[in-house]
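Trainee: Below you'll find structure05.csv; it's CSV, C-alpha atoms.
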chain,number,residue,atom,x,y,z
R,15,MET,CA,56.2,-34.1,13.4
R,16,GLN,CA,56.5,-30.6,14.6
R,17,ASP,CA,55.9,-31.6,18.2
R,18,TYR,CA,58.7,-34.2,17.9
R,19,VAL,CA,61.1,-31.6,16.5
R,20,PHE,CA,60.4,-29.1,19.3
R,21,GLY,CA,60.6,-31.9,21.9
R,22,LEU,CA,64.0,-32.8,20.6
R,23,LEU,CA,65.0,-29.1,20.6
R,24,SER,CA,63.9,-28.8,24.2
R,25,LEU,CA,66.0,-31.9,25.2
R,26,ILE,CA,69.1,-30.5,23.5
R,27,CYS,CA,68.7,-27.1,25.3
R,28,SER,CA,68.3,-28.8,28.6
R,29,LEU,CA,71.4,-31.0,28.0
R,30,LYS,CA,73.5,-28.0,27.2
R,31,GLY,CA,72.1,-26.0,30.1
R,32,LEU,CA,70.4,-23.5,27.9
R,33,SER,CA,67.1,-21.9,28.6
R,34,CYS,CA,65.1,-22.2,25.4
R,35,THR,CA,61.3,-22.0,25.1
R,36,PRO,CA,59.7,-24.0,22.2
R,37,TRP,CA,56.8,-23.0,20.0
R,38,THR,CA,53.4,-23.8,21.4
R,39,MET,CA,50.0,-23.6,19.7
R,40,LYS,CA,46.7,-24.8,21.1
R,41,VAL,CA,43.9,-25.6,18.7
R,42,GLN,CA,41.0,-28.1,18.6
R,43,ASP,CA,41.2,-30.9,16.1
R,44,GLN,CA,37.4,-30.7,15.5
R,45,VAL,CA,35.0,-27.8,16.0
R,46,ASN,CA,31.3,-28.3,15.6
R,47,GLY,CA,29.0,-25.3,14.6
R,48,THR,CA,25.3,-25.0,13.8
R,49,LEU,CA,24.0,-23.6,10.5
R,50,GLY,CA,23.1,-19.9,10.9
R,51,GLN,CA,24.9,-19.6,14.2
R,52,ASN,CA,28.3,-18.2,15.2
R,53,VAL,CA,31.4,-20.3,16.0
R,54,ILE,CA,35.0,-19.7,17.3
R,55,LEU,CA,38.0,-21.6,16.2
R,56,PRO,CA,40.5,-21.4,19.1
R,57,CYS,CA,44.2,-20.7,18.5
R,58,ILE,CA,46.6,-19.6,21.3
R,59,PHE,CA,50.4,-19.5,20.7
R,60,THR,CA,53.7,-18.8,22.3
R,61,HIS,CA,57.2,-18.6,20.7
R,62,PRO,CA,60.7,-19.1,21.8
R,63,LYS,CA,61.5,-15.3,22.1
R,64,GLN,CA,58.3,-14.5,23.9
R,65,ASN,CA,59.8,-12.0,26.3
R,66,SER,CA,62.5,-10.5,24.1
R,67,TYR,CA,61.3,-10.4,20.6
R,68,THR,CA,61.0,-7.0,18.9
R,69,GLY,CA,59.7,-7.1,15.3
R,70,ASP,CA,56.7,-7.8,13.2
R,71,ILE,CA,54.2,-10.6,14.1
R,72,ASN,CA,52.2,-11.7,11.1
R,73,ILE,CA,49.0,-13.7,11.8
R,74,LYS,CA,47.2,-15.7,9.1
R,75,TRP,CA,44.1,-17.9,8.9
R,76,MET,CA,43.8,-20.0,5.7
R,77,GLN,CA,40.8,-22.2,4.6
R,78,GLY,CA,41.3,-25.5,2.9
R,79,ASN,CA,44.1,-25.7,0.4
R,80,ILE,CA,44.0,-22.1,-0.6
R,81,HIS,CA,47.2,-20.3,0.4
R,82,GLU,CA,45.6,-16.9,0.2
R,83,PRO,CA,44.6,-16.0,3.8
R,84,ILE,CA,41.0,-15.3,4.7
R,85,VAL,CA,42.0,-13.3,7.7
R,86,GLN,CA,45.4,-11.6,8.2
R,87,CYS,CA,46.8,-9.3,10.8
R,88,THR,CA,50.2,-7.8,11.1
R,89,PHE,CA,51.5,-5.8,14.2
R,90,TYR,CA,54.8,-4.7,15.6
R,91,ASN,CA,56.0,-6.2,18.9
R,92,LYS,CA,58.1,-4.0,21.1
R,93,THR,CA,57.5,-5.4,24.6
R,94,LYS,CA,55.0,-7.9,25.8
R,95,GLY,CA,53.1,-5.4,27.9
R,96,GLN,CA,52.4,-2.9,25.2
R,97,ASP,CA,49.2,-3.0,23.0
R,98,GLY,CA,49.7,-3.1,19.3
R,99,LYS,CA,47.0,-2.8,16.7
R,100,CYS,CA,46.8,-4.6,13.3
R,101,ILE,CA,48.4,-2.4,10.7
R,102,TYR,CA,47.2,-4.7,7.9
R,103,SER,CA,44.0,-6.6,8.4
R,104,THR,CA,41.6,-8.5,6.1
R,105,ALA,CA,38.9,-9.1,8.6
R,106,SER,CA,35.3,-8.8,7.5
R,107,GLU,CA,31.8,-8.8,9.2
R,108,ARG,CA,31.7,-12.6,9.0
R,109,LEU,CA,35.4,-13.4,9.6
R,110,LEU,CA,37.4,-11.6,12.3
R,111,LEU,CA,39.9,-12.3,15.1
R,112,GLN,CA,38.5,-13.1,18.5
R,113,GLY,CA,40.7,-12.4,21.6
R,114,ASN,CA,43.8,-10.4,22.5
R,115,HIS,CA,46.5,-11.1,19.9
R,116,ARG,CA,49.1,-9.3,22.1
R,117,ASN,CA,48.7,-12.2,24.6
R,118,GLY,CA,48.9,-14.8,21.9
R,119,ASP,CA,45.1,-15.4,21.5
R,120,ILE,CA,44.5,-15.3,17.7
R,121,SER,CA,41.2,-17.3,17.7
R,122,LEU,CA,39.0,-17.0,14.6
R,123,ARG,CA,35.3,-16.0,14.8
R,124,ILE,CA,32.9,-16.9,12.0
R,125,ASN,CA,29.4,-15.4,12.1
R,126,HIS,CA,26.3,-16.8,10.5
R,127,LEU,CA,27.6,-20.2,9.6
R,128,GLN,CA,27.0,-21.6,6.1
R,129,PHE,CA,27.5,-25.1,4.8
R,130,THR,CA,30.4,-23.8,2.7
R,131,ASP,CA,32.2,-22.8,5.9
R,132,ALA,CA,32.7,-26.5,6.7
R,133,SER,CA,36.4,-27.1,5.9
R,134,GLN,CA,39.9,-27.4,7.3
R,135,TYR,CA,41.4,-24.2,8.7
R,136,THR,CA,45.1,-23.4,9.3
R,137,CYS,CA,46.3,-21.0,12.1
R,138,ARG,CA,49.7,-19.6,11.2
R,139,VAL,CA,52.1,-17.3,12.9
R,140,GLU,CA,55.1,-15.7,11.2
R,141,LEU,CA,58.0,-14.0,12.9
R,142,ASP,CA,61.2,-12.4,11.5
R,143,TYR,CA,63.2,-15.5,12.4
R,144,ASN,CA,60.7,-18.4,12.3
R,145,LYS,CA,57.0,-19.4,11.6
R,146,PHE,CA,54.6,-22.0,13.0
R,147,LYS,CA,51.1,-23.4,12.1
R,148,LYS,CA,48.5,-25.9,13.1
R,149,HIS,CA,45.2,-27.2,11.6
R,150,THR,CA,41.7,-27.5,12.8
R,151,THR,CA,38.5,-28.8,11.1
R,152,LEU,CA,35.1,-27.1,11.3
R,153,ASN,CA,31.9,-29.1,10.9
R,154,VAL,CA,28.7,-27.3,10.2
R,155,ASN,CA,25.7,-29.3,11.5
R,156,ALA,CA,22.0,-28.6,10.9
R,157,PRO,CA,18.7,-30.2,12.0
R,158,ALA,CA,16.5,-31.6,9.3
R,159,GLN,CA,14.4,-28.9,7.6
R,160,ILE,CA,11.9,-29.0,4.7
R,161,LEU,CA,12.7,-26.1,2.3
R,162,SER,CA,9.7,-26.6,0.0
R,163,LEU,CA,6.7,-28.9,-0.7
R,164,CYS,CA,4.9,-28.2,-4.0
R,165,LEU,CA,3.1,-29.6,-7.0
R,166,ASP,CA,5.2,-30.0,-10.1
R,167,LEU,CA,2.6,-29.5,-12.9
R,168,ASP,CA,5.0,-30.6,-15.6
R,169,VAL,CA,5.2,-34.2,-14.3
R,170,LEU,CA,2.1,-34.0,-12.1
R,171,LYS,CA,4.0,-35.0,-8.9
R,172,VAL,CA,4.3,-33.6,-5.4
R,173,ARG,CA,8.0,-32.6,-4.8
R,174,CYS,CA,9.7,-32.3,-1.5
R,175,ILE,CA,13.1,-30.6,-0.9
R,176,ALA,CA,14.8,-31.1,2.5
R,177,GLN,CA,18.2,-30.2,3.9
R,178,GLY,CA,20.3,-31.0,7.0
R,179,ASN,CA,23.6,-32.3,8.3
R,180,PRO,CA,23.7,-35.2,8.8
R,181,ILE,CA,21.7,-35.6,5.5
R,182,PRO,CA,18.1,-36.3,6.5
R,183,GLU,CA,16.0,-39.3,5.6
R,184,VAL,CA,12.7,-38.4,3.8
R,185,LYS,CA,9.4,-40.3,4.3
R,186,TRP,CA,6.2,-40.0,2.4
R,187,THR,CA,2.7,-40.8,3.7
R,188,SER,CA,-0.8,-40.2,2.3
R,189,SER,CA,-4.4,-40.7,3.3
R,190,SER,CA,-4.0,-44.2,1.8
R,191,GLY,CA,-0.8,-45.1,3.7
R,192,PRO,CA,3.0,-45.0,3.2
R,193,LEU,CA,4.3,-44.2,-0.3
R,194,GLU,CA,7.3,-45.5,-2.1
R,195,HIS,CA,9.8,-42.9,-3.5
R,196,PHE,CA,13.3,-42.6,-4.9
R,197,PRO,CA,15.2,-39.7,-3.2
R,198,ILE,CA,18.1,-37.9,-4.9
R,199,LYS,CA,20.8,-36.6,-2.5
R,200,THR,CA,23.0,-33.7,-3.5
R,201,GLY,CA,25.3,-32.2,-0.9
R,202,HIS,CA,23.3,-31.5,2.2
R,203,ARG,CA,19.9,-31.6,0.3
R,204,VAL,CA,17.4,-34.4,-0.5
R,205,ILE,CA,14.9,-34.1,-3.4
R,206,SER,CA,12.0,-36.6,-3.5
R,207,SER,CA,8.7,-36.8,-5.5
R,208,VAL,CA,5.6,-39.0,-5.5
R,209,PRO,CA,2.7,-39.1,-8.0
R,210,PHE,CA,-0.2,-36.7,-7.4
R,211,SER,CA,-3.9,-37.5,-7.0
R,212,ASP,CA,-6.5,-34.9,-6.1
R,213,GLN,CA,-8.2,-37.6,-3.9
R,214,ASP,CA,-5.2,-37.8,-1.5
R,215,VAL,CA,-3.4,-35.7,1.1
R,216,TYR,CA,0.4,-36.0,1.2
R,217,THR,CA,2.8,-35.6,4.1
R,218,CYS,CA,6.6,-35.2,3.6
R,219,GLN,CA,8.7,-35.9,6.7
R,220,ALA,CA,12.5,-35.2,7.0
R,221,VAL,CA,14.4,-36.7,9.9
R,222,ASN,CA,18.1,-36.7,11.1
R,223,SER,CA,19.8,-37.1,14.5
R,224,LEU,CA,19.4,-33.4,15.3
R,225,GLY,CA,15.7,-32.9,14.6
R,226,GLN,CA,12.8,-33.5,12.2
R,227,ASP,CA,10.3,-31.5,10.1
R,228,GLN,CA,7.2,-32.3,8.2
R,229,ILE,CA,4.7,-30.5,5.9
R,230,THR,CA,1.3,-31.6,4.4
R,231,PHE,CA,0.1,-31.0,0.9
R,232,PRO,CA,-2.5,-29.6,0.3
R,233,PRO,CA,-2.2,-27.4,3.4
R,234,ASN,CA,-4.4,-28.3,6.4
R,235,GLN,CA,-8.0,-27.4,5.6
R,236,ASN,CA,-8.8,-26.6,9.2
R,237,SER,CA,-5.9,-24.2,9.4
R,238,SER,CA,-7.0,-22.5,6.2
R,239,LEU,CA,-10.6,-22.3,7.5
R,240,SER,CA,-9.4,-20.8,10.8
R,241,LEU,CA,-7.3,-18.3,8.9
R,242,SER,CA,-10.1,-17.4,6.6
R,243,LEU,CA,-12.5,-17.0,9.5
R,244,MET,CA,-10.1,-14.8,11.4
R,245,THR,CA,-9.6,-12.7,8.4
R,246,GLY,CA,-13.3,-12.3,7.9
R,247,ILE,CA,-13.9,-11.3,11.5
R,248,LEU,CA,-11.1,-8.7,11.3
R,249,GLY,CA,-12.6,-7.4,8.0
R,250,CYS,CA,-16.1,-7.1,9.6
R,251,LEU,CA,-14.7,-5.2,12.6
R,252,LEU,CA,-12.8,-2.9,10.4
R,253,LEU,CA,-15.9,-2.2,8.3
R,254,LEU,CA,-18.0,-1.6,11.4
R,255,GLY,CA,-15.5,0.8,12.7
R,256,LEU,CA,-15.4,2.7,9.4
R,257,VAL,CA,-19.3,2.9,9.3
R,258,ALA,CA,-19.3,4.2,12.9
R,259,PHE,CA,-16.7,6.8,12.0
R,260,ILE,CA,-18.7,8.0,8.9
R,261,LEU,CA,-22.0,8.2,11.0
R,262,ASN,CA,-20.2,10.2,13.6
R,263,VAL,CA,-18.9,12.6,11.0
R,264,VAL,CA,-22.4,13.0,9.5
R,265,ARG,CA,-24.0,13.6,12.9
R,266,ARG,CA,-21.5,16.3,13.7
R,267,ARG,CA,-22.1,18.0,10.3
R,268,GLN,CA,-25.9,17.8,10.8
R,269,SER,CA,-25.5,19.3,14.3
R,270,ALA,CA,-23.3,22.1,13.0
R,271,GLN,CA,-25.9,22.7,10.2
R,272,ARG,CA,-28.8,23.0,12.7
R,273,VAL,CA,-26.8,25.5,14.7
R,274,MET,CA,-26.1,27.6,11.6
R,275,ASP,CA,-29.8,27.4,10.5
R,276,MET,CA,-30.9,28.6,14.0
R,277,GLY,CA,-28.5,31.5,13.8
R,278,VAL,CA,-29.7,32.5,10.3
R,279,GLN,CA,-33.4,32.2,11.4
R,280,ARG,CA,-32.7,34.4,14.4
R,281,VAL,CA,-31.1,37.0,12.2
R,282,LYS,CA,-34.0,36.9,9.7
R,283,THR,CA,-36.5,37.3,12.5
R,284,SER,CA,-34.6,40.3,13.9
R,285,ILE,CA,-34.5,41.9,10.4
R,286,TYR,CA,-38.2,41.2,9.9
R,287,GLN,CA,-39.2,42.8,13.2
R,288,ALA,CA,-37.1,45.8,12.5
R,289,ASN,CA,-38.8,46.3,9.1
R,290,GLU,CA,-42.2,46.0,10.7
R,291,THR,CA,-41.2,48.7,13.1
R,292,VAL,CA,-40.2,51.0,10.3
R,293,TYR,CA,-43.2,50.3,8.0
R,294,ALA,CA,-45.6,50.7,10.9
R,295,ASN,CA,-45.0,54.5,10.9
R,296,ILE,CA,-45.7,54.9,7.1
R,297,SER,CA,-49.3,55.2,5.7
R,298,THR,CA,-49.8,53.0,2.7
R,299,CYS,CA,-52.7,52.8,0.3
R,300,PRO,CA,-54.7,49.6,0.0
R,301,ALA,CA,-53.7,47.6,-2.9
R,302,GLY,CA,-55.6,48.3,-6.2
R,303,GLU,CA,-57.3,51.6,-4.9
R,304,THR,CA,-56.6,55.0,-6.6
R,305,ARG,CA,-57.8,58.4,-5.4
R,306,GLN,CA,-60.1,60.1,-7.9
R,307,VAL,CA,-61.5,63.7,-7.8
R,308,ASP,CA,-64.1,65.3,-10.0
R,309,VAL,CA,-62.7,68.5,-11.6
R,310,TYR,CA,-64.7,70.8,-13.9
R,311,SER,CA,-62.8,72.4,-16.7
R,312,THR,CA,-63.4,76.1,-17.6
R,313,GLY,CA,-62.3,75.7,-21.2
R,314,ALA,CA,-64.4,72.7,-22.4
R,315,PRO,CA,-67.5,71.0,-21.4
R,316,ARG,CA,-67.1,68.1,-19.2
R,317,GLU,CA,-67.7,64.7,-20.7
R,318,GLU,CA,-70.2,62.6,-18.9
R,319,GLY,CA,-68.6,60.2,-16.6
R,320,LYS,CA,-65.0,61.4,-17.1
R,321,LYS,CA,-62.8,62.2,-14.2
R,322,GLU,CA,-59.4,63.8,-14.1
R,323,MET,CA,-56.5,62.8,-11.9
R,324,ILE,CA,-54.8,65.4,-9.8
R,325,PRO,CA,-51.0,64.8,-9.4
R,326,ARG,CA,-50.0,64.4,-5.8
R,327,ALA,CA,-46.8,66.4,-6.4
R,328,GLN,CA,-48.6,69.7,-7.1
R,329,LYS,CA,-48.5,72.3,-4.3
R,330,ASN,CA,-51.6,74.3,-3.3
R,331,ARG,CA,-51.1,78.0,-3.9
R,332,PRO,CA,-53.2,80.6,-2.0
R,333,SER,CA,-56.2,81.8,-4.1
R,334,ARG,CA,-56.7,85.4,-4.9
R,335,PRO,CA,-59.8,87.1,-3.5
R,336,PRO,CA,-62.4,88.1,-6.1
R,337,GLY,CA,-62.4,91.7,-7.4
R,338,PRO,CA,-61.1,93.9,-10.2
R,339,PRO,CA,-57.5,93.4,-11.2
R,340,PRO,CA,-55.0,95.7,-9.7
R,341,VAL,CA,-54.0,98.9,-11.5
R,342,ILE,CA,-50.3,99.3,-12.2
R,343,GLY,CA,-48.9,102.4,-10.5
R,344,GLU,CA,-51.7,102.7,-8.1
R,345,LYS,CA,-50.8,103.1,-4.5
Once more with this new file: its structure as structure tokens, please.

Mentor:
Amino acid sequence: MQDYVFGLLSLICSLKGLSCTPWTMKVQDQVNGTLGQNVILPCIFTHPKQNSYTGDINIKWMQGNIHEPIVQCTFYNKTKGQDGKCIYSTASERLLLQGNHRNGDISLRINHLQFTDASQYTCRVELDYNKFKKHTTLNVNAPAQILSLCLDLDVLKVRCIAQGNPIPEVKWTSSSGPLEHFPIKTGHRVISSVPFSDQDVYTCQAVNSLGQDQITFPPNQNSSLSLSLMTGILGCLLLLGLVAFILNVVRRRQSAQRVMDMGVQRVKTSIYQANETVYANISTCPAGETRQVDVYSTGAPREEGKKEMIPRAQKNRPSRPPGPPPVIGEK
């Protein structure tokens, strides 16, 4: 309808000989993105007063039927060649403008796509004298992926949860052949369960047009054995390394102890030799022998077999020659 109106306006302008430029806005009707990846919704516009307009330009992106913008940018337009920055912006880390809005490129960039991002989006431009908008639809696709495969003990069943867009088909197989099941689809997810028997091995497979995925329950025994074997080998290597380190430390300590013992032995030997040198110049009595001298007393008869010890500390005084005692005063 808008294209028809602007086409009619252009025709009227040309009939009257006027130069009038209509609104133009280029968007894609459908944009496909992949879950977890980034996507750009193109939007490039021009307006009738492209070369002469001075005033505010208000850019808005809306999602679905919500009138509140998810991204908004307002800047003042003086001349086409000048660069203006957004003075009011609601951009976030996931939602932001991509391109140079001064040249009319107001494309929207969405990072880390989620299933909830799939929706209709509206690109809208508002000027002081007029406004214009167009719609684009974003589809979020995803290859089939199994989110979980586990044993539900409450009902004794093996449960498989898968997701994808298009919604994947789930298939069950066991060691005894294909299994019948009744999947439940909610949104982009599928939930399916089969009865459990400890004699079987179960495989859940999810398939859509973009890919497939499958998981086995219980997990592959060979893989578990390989993982256990690798873990055991790494543990043994770590233990051997620890033992070698401890032995090396013990050997170093023993070497250091031997060096210290040799040093102490050399010191003791030197001290012993020095003591021998000192004691060699001193006369010592043989152990257990005592010097005994016979002395006769003048005051009492000597008892048979009794001997008297002479102290070694007494000094020998010179004996007086025999004769009469000296007379006092005699010269």

Trainee: Find, counting all atoms listed in the file, the residue in R:Ile229, R:Thr60, R:Val169, R:Thr68 that gets nearest to Gly118 in chain R.

Mentor: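 Among the listed residues, the smallest separation from Gly118 in chain R belongs to R:Thr60.
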
Trainee: Smallest atom-to-atom distance to Ala156 in chain R: which of R:Phe129, R:Tyr90, R:Phe196, R:Phe210, using only C-alpha atoms?

Mentor: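 Once distances to Ala156 in chain R are computed over only C-alpha atoms, the minimum belongs to R:Phe129.
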
Trainee: Restricting the calculation to only C-alpha atoms: of R:Thr187, R:Ser223, R:Thr151, R:Thr136, which residue gets closest to Pro209 in chain R?

Mentor: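 Of R:Thr187, R:Ser223, R:Thr151, R:Thr136, the one nearest Pro209 in chain R is R:Thr187, counting only C-alpha atoms.
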
Trainee: Check the smallest atom-to-atom distance from each of R:Val85, R:Asn72, R:Cys164, R:Pro56 to Gly113 in chain R using only C-alpha atoms, then report the winner.

Mentor: R:Pro56

Trainee: I'd like the neighbourhood of range 175-184 of chain R as a list in words, where a residue qualifies if any of its atoms comes within 7 Å (using all atoms listed in the file), though same-chain residues fewer than 2 positions away should be ignored.

Mentor: Asn155, Ala156, Pro157, Ala158, Gln159, Ile160, Leu161, Ser162, Leu163, Arg173, Trp186, His202, Arg203, Val204, Ile205, Ser206, Cys218, Gln219, Ala220, Val221 and Asn222 of chain R

Trainee: Take CA of Leu122 in chain R and CA of Leu109 in chain R and report the distance between them in Å, one decimal.

Mentor: 7.1 Å

Trainee: So, counting only C-alpha atoms, which residue among R:Asp131, R:Asp166, R:Asp119, R:Asp212 is closest to Val154 in chain R?

Mentor: R:Asp131

Trainee: Between R:Lys40, R:His126, R:Lys145, R:Arg266, single out the one closest to Val53 in chain R, counting all atoms listed in the file.

Mentor: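 Checking each of R:Lys40, R:His126, R:Lys145, R:Arg266 against Val53 in chain R, counting all atoms listed in the file, the winner is R:His126.
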
Trainee: Could you build a table of the residues in range 70-135 of chain R lying no more than 12 Å from range 44-50 of chain R, giving for each the nearest pair of atoms and their separation in Å rounded to one decimal place, using all atoms listed in the file, ordered by chain and ascending residue number, as a tab-separated table?

Mentor:
residue	atom	partner	partner_atom	distance
R:Arg108	CA	R:Gly50	CA	11.4
R:Leu122	CA	R:Val45	CA	11.6
R:Arg123	CA	R:Gly47	CA	11.2
R:Ile124	CA	R:Gly47	CA	9.6
R:Asn125	CA	R:Gly50	CA	7.8
R:His126	CA	R:Gly50	CA	4.5
R:Leu127	CA	R:Gly50	CA	4.7
R:Gln128	CA	R:Leu49	CA	5.7
R:Phe129	CA	R:Leu49	CA	6.9
R:Thr130	CA	R:Leu49	CA	10.1
R:Asp131	CA	R:Leu49	CA	9.4
R:Ala132	CA	R:Gly47	CA	8.8
R:Ser133	CA	R:Val45	CA	10.2
R:Gln134	CA	R:Gln44	CA	9.2
R:Tyr135	CA	R:Gln44	CA	10.2

Trainee: Go ahead and compute the interatomic distance for CA of Leu152 in chain R and CA of Glu140 in chain R, in Å to one decimal.

Mentor: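 Between CA of Leu152 in chain R and CA of Glu140 in chain R the gap is 23.0 Å.
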
Trainee: CA of Val41 in chain R to CA of Asn144 in chain R: how many Å, to one decimal?

Mentor: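 Taking CA of Val41 in chain R as the start and CA of Asn144 in chain R as the end point, the length is 19.4 Å.
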
Trainee: Model the absent atoms of range 210-223 of chain R so that N, CA, C and O atoms are present, and write the result as a compact mmCIF listing (two decimals), keeping the file's coordinate frame.

Mentor:
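The result, stored in out36.txt:
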# COMPACT_ATOMS: atom_id res chain seq x y z
N PHE R 210 0.85 -37.52 -7.98
CA PHE R 210 -0.20 -36.70 -7.40
C PHE R 210 -1.58 -37.23 -7.75
O PHE R 210 -1.81 -37.60 -8.90
N SER R 211 -2.49 -37.24 -6.79
CA SER R 211 -3.90 -37.50 -7.00
C SER R 211 -4.71 -36.54 -6.18
O SER R 211 -4.41 -36.33 -4.99
N ASP R 212 -5.73 -35.94 -6.81
CA ASP R 212 -6.50 -34.90 -6.10
C ASP R 212 -7.40 -35.57 -5.00
O ASP R 212 -8.09 -34.85 -4.27
N GLN R 213 -7.39 -36.89 -4.88
CA GLN R 213 -8.20 -37.60 -3.90
C GLN R 213 -7.36 -37.81 -2.59
O GLN R 213 -7.91 -38.26 -1.58
N ASP R 214 -6.05 -37.52 -2.60
CA ASP R 214 -5.20 -37.80 -1.50
C ASP R 214 -4.63 -36.55 -0.82
O ASP R 214 -4.58 -35.49 -1.45
N VAL R 215 -4.17 -36.72 0.43
CA VAL R 215 -3.40 -35.70 1.10
C VAL R 215 -2.06 -36.24 1.45
O VAL R 215 -1.92 -37.35 1.98
N TYR R 216 -1.00 -35.50 1.11
CA TYR R 216 0.40 -36.00 1.20
C TYR R 216 1.13 -35.30 2.32
O TYR R 216 0.99 -34.10 2.52
N THR R 217 1.99 -36.09 3.00
CA THR R 217 2.80 -35.60 4.10
C THR R 217 4.27 -35.97 3.81
O THR R 217 4.57 -37.15 3.65
N CYS R 218 5.16 -34.96 3.76
CA CYS R 218 6.60 -35.20 3.60
C CYS R 218 7.26 -34.97 4.95
O CYS R 218 7.08 -33.91 5.57
N GLN R 219 8.05 -35.94 5.40
CA GLN R 219 8.70 -35.90 6.70
C GLN R 219 10.23 -36.05 6.49
O GLN R 219 10.66 -36.99 5.81
N ALA R 220 11.03 -35.14 7.07
CA ALA R 220 12.50 -35.20 7.00
C ALA R 220 13.02 -35.40 8.42
O ALA R 220 12.64 -34.66 9.34
N VAL R 221 13.93 -36.37 8.60
CA VAL R 221 14.40 -36.70 9.90
C VAL R 221 15.94 -36.92 9.88
O VAL R 221 16.45 -37.58 8.97
N ASN R 222 16.66 -36.35 10.86
CA ASN R 222 18.10 -36.70 11.10
C ASN R 222 18.30 -36.71 12.62
O ASN R 222 17.36 -36.53 13.40
N SER R 223 19.54 -36.91 13.04
CA SER R 223 19.80 -37.10 14.50
C SER R 223 19.67 -35.78 15.26
O SER R 223 19.62 -35.81 16.50
